[in-house]
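Worksheet for the structure shown next.
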Amino acid sequence: MKKILYTIAVCAIAFGVSSCKKLDNYEEPQETLTGSVIDAGTGKTLQTENGGGGTRIKLLEISWSDNPTPFYIASMQDGTFNYTKLFAGKNKISAEGAFVPLVQTNSSGATVVDKSQTVDIKGTTTVNFSVDPLLRVEWVGEPVINADGTISASFKITRGTSDAAFQNDITDVHLFLNSNKFVGNNNYDNRYSPQIDFSGSSANAQLGQTITLTTKGGPLPTKRDYFLRIGARTNYGLKYYNYTDVKTISVP
Amino acid sequence: MKKNIYIIICFLVCWTTACKKLDVPPINIIQDKDVFTSTGGIQAYMARIYSELPIEDFRYSPQRGLNFFWIISPFPAVTGEALSRDQNGAMQENVGESPWGDCYKLIRDANYFIENMPKYAGTYTPAQVNSWLGEARFIRALTYFALVKRYGGVPIVDKVLEYPTGNIDDLNMARASEEAVYDFVAADLDFAYANLSESNQAGRANKYAAAAFKSRAMLYAGSIAKYNTTTLSDGAGNRVCGIPSSKAVTYFKAAYDAALLVAPKYSLYKKVWAAGDKEAQFQNYVNMFFDESSPENIFVKQYHYPESVHGYDAYNVPRQLMGGNGYSSEVNPTLNYVELFDGLPKNADGTLRTTTSGEYDLYANTMDLFANAEPRLRATVILPGDQFKGQSIEIRRGIYTGSSAGGISPLLAPGSTSNYPTANIVQSSNANQTPYKLPDGTTMNPAGLSGVFTGDGTCAISGFSVRKYLVPDKPTSEVLENRSDQTFIEMRYAEVLLNRAEAAYELNALGQNDKDYLQDAFLDINQIRERAGATLLAGPGDLSSVNVVRKERRKELGFENKIWWDMRRWRTADIEQNSTIYRVLMPFYSANDKKYFFDARTDERNVRYTFDVRWYYEEIPNGEIQKSQKLIQNPGY
């Protein structure tokens, strides 16, 4: 009796599992889009932050529609991007971020500048964008640990574009500090990270000058690594930040 | 034979009765003719659409949207007016599809009324018909205003769309420009003003309400024209985000002119106000929010227990008056907000002065610090030790047990976000307190009855509790969720005056001199200040910047769910909230002095507010984007 029951159970399971065969007959997307957003002035990738406040790549798939809903790919914080699950197709690709927009429209909605690239995505497709950042933020020397346990970092800010339409007033500069390498306006330790807010055009005199920011909130906890980055932004559009690269400093 | 004939006759009779037509309107569904042919029917139609008006009242929070009972992420805790244990930072509305979809349903209801009401016009006088049509246009205008202030330009639907009988392509509508939507709102409100009656039932609009809302909507449009920096145009050249700055003067003038229309009918509430009598001014300001006959109420939303209710009292009473549901103290005004008011000792930089030459000032009672406070502050905020419902609201952070010889130095360095040192401070983590024995042998709880407790947030975490709109005589047994029914005042005359003052100030700043606008702004602000018991401006010269007008607005309209929209239209939210930590005021009792001192510090939870620039235009729901080829998303989403 028991044997029969077991036989039935085994059969039931076997039948049950066999019905799990996939019938989804369309191939999963597997094309790759990779590339970088590069500062035209320095030739280096343009630093940004992770997530919604950073650079993103805008894809308009025009192989089947003239008016597609955009698809966005977020950039990594070093300015490169890599997306491995795209369908093959013809795409009009541009980027959005803390740089002079690649696609510009005038007041009547007509496109006056269009530096987007039309690309057939198949296999691994590489697309690079050369952009003029709104601001260029650069380290001056290495960050130092002060005697009182704080960290000071020096940097300078210059304009990344000569187009006066994109030389808006600088609104604020931050020294972002975090305990892991993902650091930026979306991810930082607000107890220690200082900022300078500028009103009006008061920051313009600071352009090209060496500025030093020192962490606030007293001595930093010791025996660990800190990841530092400077971010600055202007009053243009969605006020994206321009960043330096990330520097690591070990507090003994 | 005869029998057979009878049978045949019977049979035929049975047959013919079945010929009665069955195509009759279902009697259990209300038809247009039932609604539109009686004033009662129209009142019922109106009652429902008014109840769905998108106004941010006692049942609104940015976390859960409109018409929701559970308000524990209160709106003031998003703007910096207050702190709440359930709100940890800045946010935009997190309500998915609802404002968009719900608004268009309401617009359809208004359009349906506008199209069908005239068919039954013969039943009524022309004045009645016009007034109702004006009312429907008023509702449509408010709904479009709710959309445009969130999303910028939206599709303008000014007729009932037929689905599925109509042409599907006609239903696929593109966004109009932001300017066009504001103009549409203005045109509807102009029609409403011209056609609505002088007066109406409480809770329904009269012509002055239309003018008042026009002053608000046009002020928003003017501010966006002047301060917005975001631009988005569609392929056809409609600027769906942003308004040309050349339109600023037009809109500010429209706001100013609309505000003037309201003035003859309404006035500031001053029923028990008396010049120079701070207590009377305080009582007057408290009463204003509960007097149904107030000459200041232009447009209100009424509630009535048990069929239409909210829970404002239950969520916001001080901890020591907590009701049976266990909620309290959700809205705790920040020190930043309290410091806006007059009559407090201030440092040179405008912050509250709590120390003299590096030592804390000592006070016998916590209220002594606020002895000369502006009456409007006391009526808006429960200060530590002030009276509410016949009790002294006891707010105390802890007992300082250290030596007081030579004065007490600040517990923390200025601006420090650290925790308080544990030495010399006795504190309590929750409401079950262990009394502390003072040097004179008496005992005292470390924290006040309403906090501050270090372990849970069910207390006045900022050192203050909100008073505005809390019913002063509601028994604690009735301080329950869904048990409050005080009226929400969506539009009061004070706002119209502030709209007028702001529009006048901006017109002056834009070089308009067909009137003495600055003088007008000065008189408006002083009317508000006089009623509030605040210090009057000496002359128009005191209006040194737009911030004087804006600050007055924050003080007068605080905790009325208006300030967030103001911060957005001024485009100052991202500057005000840029890794911002708000400040609190912690009262301590010094055991050796037998006196109180106050420590002004940053929020002990170290909560930071950062407003994302994208939020000036909210994200259009993705479900709507997918339904339409023509809807374009706002920038950055």
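Going by the structure tokens order, chains are called A, B, ..., each with residues numbered from 1, while ligands are numbered from 1 in the order shown.
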
Within 12 Å of Lys595 (chain B) using only C-alpha atoms, minus same-chain residues under 2 positions, as a list in words: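 Contacts, in chain order: Tyr360, Asp361, Leu362, Tyr363, Ala364, Asn365, Thr366, Met367, Asp368, Leu369, Arg396, Ile399, Tyr400, Thr401, Ser404, Gly407, Ile408, Pro587, Phe588, Tyr589, Ser590, Ala591, Asn592, Asp593, Phe597 and Phe598 of chain B.
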
For C-alpha atoms, I'd like the residues from the last selection saved as a PDB file, in the first residue's frame.
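Saved result, part-v3.pdb, follows:
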ATOM      1  CA  TYR B 360      23.331  79.981  30.060  1.00  0.00           C
ATOM      2  CA  ASP B 361      20.620  82.456  31.033  1.00  0.00           C
ATOM      3  CA  LEU B 362      18.549  81.065  33.902  1.00  0.00           C
ATOM      4  CA  TYR B 363      14.772  81.301  34.187  1.00  0.00           C
ATOM      5  CA  ALA B 364      12.455  80.422  37.059  1.00  0.00           C
ATOM      6  CA  ASN B 365       9.867  79.097  34.584  1.00  0.00           C
ATOM      7  CA  THR B 366      10.266  77.933  31.015  1.00  0.00           C
ATOM      8  CA  MET B 367       7.692  80.484  29.854  1.00  0.00           C
ATOM      9  CA  ASP B 368       9.806  83.393  31.167  1.00  0.00           C
ATOM     10  CA  LEU B 369      11.958  83.220  28.034  1.00  0.00           C
ATOM     11  CA  ARG B 396      11.949  69.390  29.601  1.00  0.00           C
ATOM     12  CA  ILE B 399      17.870  67.693  34.760  1.00  0.00           C
ATOM     13  CA  TYR B 400      21.334  69.209  34.920  1.00  0.00           C
ATOM     14  CA  THR B 401      23.007  68.062  38.120  1.00  0.00           C
ATOM     15  CA  SER B 404      26.353  75.952  38.845  1.00  0.00           C
ATOM     16  CA  GLY B 407      27.285  79.906  35.727  1.00  0.00           C
ATOM     17  CA  ILE B 408      26.745  76.976  33.411  1.00  0.00           C
ATOM     18  CA  PRO B 587      14.899  73.173  28.160  1.00  0.00           C
ATOM     19  CA  PHE B 588      16.940  71.798  31.089  1.00  0.00           C
ATOM     20  CA  TYR B 589      16.322  72.141  34.807  1.00  0.00           C
ATOM     21  CA  SER B 590      19.397  72.941  36.801  1.00  0.00           C
ATOM     22  CA  ALA B 591      19.036  71.085  40.118  1.00  0.00           C
ATOM     23  CA  ASN B 592      21.414  73.338  42.022  1.00  0.00           C
ATOM     24  CA  ASP B 593      19.975  76.612  40.743  1.00  0.00           C
ATOM     25  CA  PHE B 597      18.102  77.058  31.073  1.00  0.00           C
ATOM     26  CA  PHE B 598      17.682  76.484  27.354  1.00  0.00           C
TER      27      PHE B 598
END

6 Å contacts from chain A to chain B using only C-alpha atoms, as an MDAnalysis selection string: chainID A and resid 108:109 237:238

Could you write those residues out with C-alpha atoms, as a PDB file, in the first residue's frame?
ATOM      1  CA  SER A 108       9.951  77.499 -29.824  1.00  0.00           C
ATOM      2  CA  GLY A 109      10.916  73.886 -29.247  1.00  0.00           C
ATOM      3  CA  GLY A 237      18.930  73.552 -15.154  1.00  0.00           C
ATOM      4  CA  LEU A 238      18.630  70.636 -12.748  1.00  0.00           C
TER       5      LEU A 238
END

Who sits within 6 Å of region 460-477 of chain B, only C-alpha atoms, same chain under 2 positions skipped, as a ChimeraX atom specification: /B:313,323,329,331-334,380-383,389,451-452,479,584-586

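Within region 17-246 of chain A, DSSP applied to the backbone places the following residues in helix (DSSP H, G or I): Val17, Ser18, Gly51, Gly52, Gly53, Ala164, Ala165, Phe166, Ser202, Ala203, Asn204, Ala205 and Gln206 of chain A.
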
Go ahead and save the residues from that selection, with C-alpha atoms, as a tab-separated table (two decimals), in the first residue's frame.
chain	number	residue	atom	x	y	z
A	17	VAL	CA	8.12	19.44	-12.75
A	18	SER	CA	7.92	18.53	-16.40
A	51	GLY	CA	21.61	57.18	-9.25
A	52	GLY	CA	19.16	59.83	-10.34
A	53	GLY	CA	21.38	62.84	-9.72
A	164	ALA	CA	28.50	82.15	-21.67
A	165	ALA	CA	24.98	80.69	-21.79
A	166	PHE	CA	26.20	77.84	-19.57
A	202	SER	CA	29.92	85.78	-5.16
A	203	ALA	CA	31.68	82.53	-6.12
A	204	ASN	CA	32.87	83.84	-9.46
A	205	ALA	CA	35.89	85.47	-7.84
A	206	GLN	CA	36.92	82.04	-6.50

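Using only C-alpha atoms, the protein and nucleic acid residues lying no more than 8 Å from Ser201 (chain A), apart from those fewer than 3 places from it along its own chain, are A:Asp169, A:Ile170, A:Phe198, A:Asn204.
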
Residues within 12 Å of Ser152 (chain A), only C-alpha atoms, excluding chain neighbours under 4 positions, as a list in words: Trp139, Val140, Gly141, Glu142, Pro143, Val144, Ile145, Asn146, Ala147, Asp148, Leu175, Phe176, Leu177, Tyr192, Ser193, Pro194, Ile211, Thr212, Leu213, Thr214, Thr215, Lys216, Pro219, Leu220, Leu228, Arg229, Ile230 and Ile249 of chain A
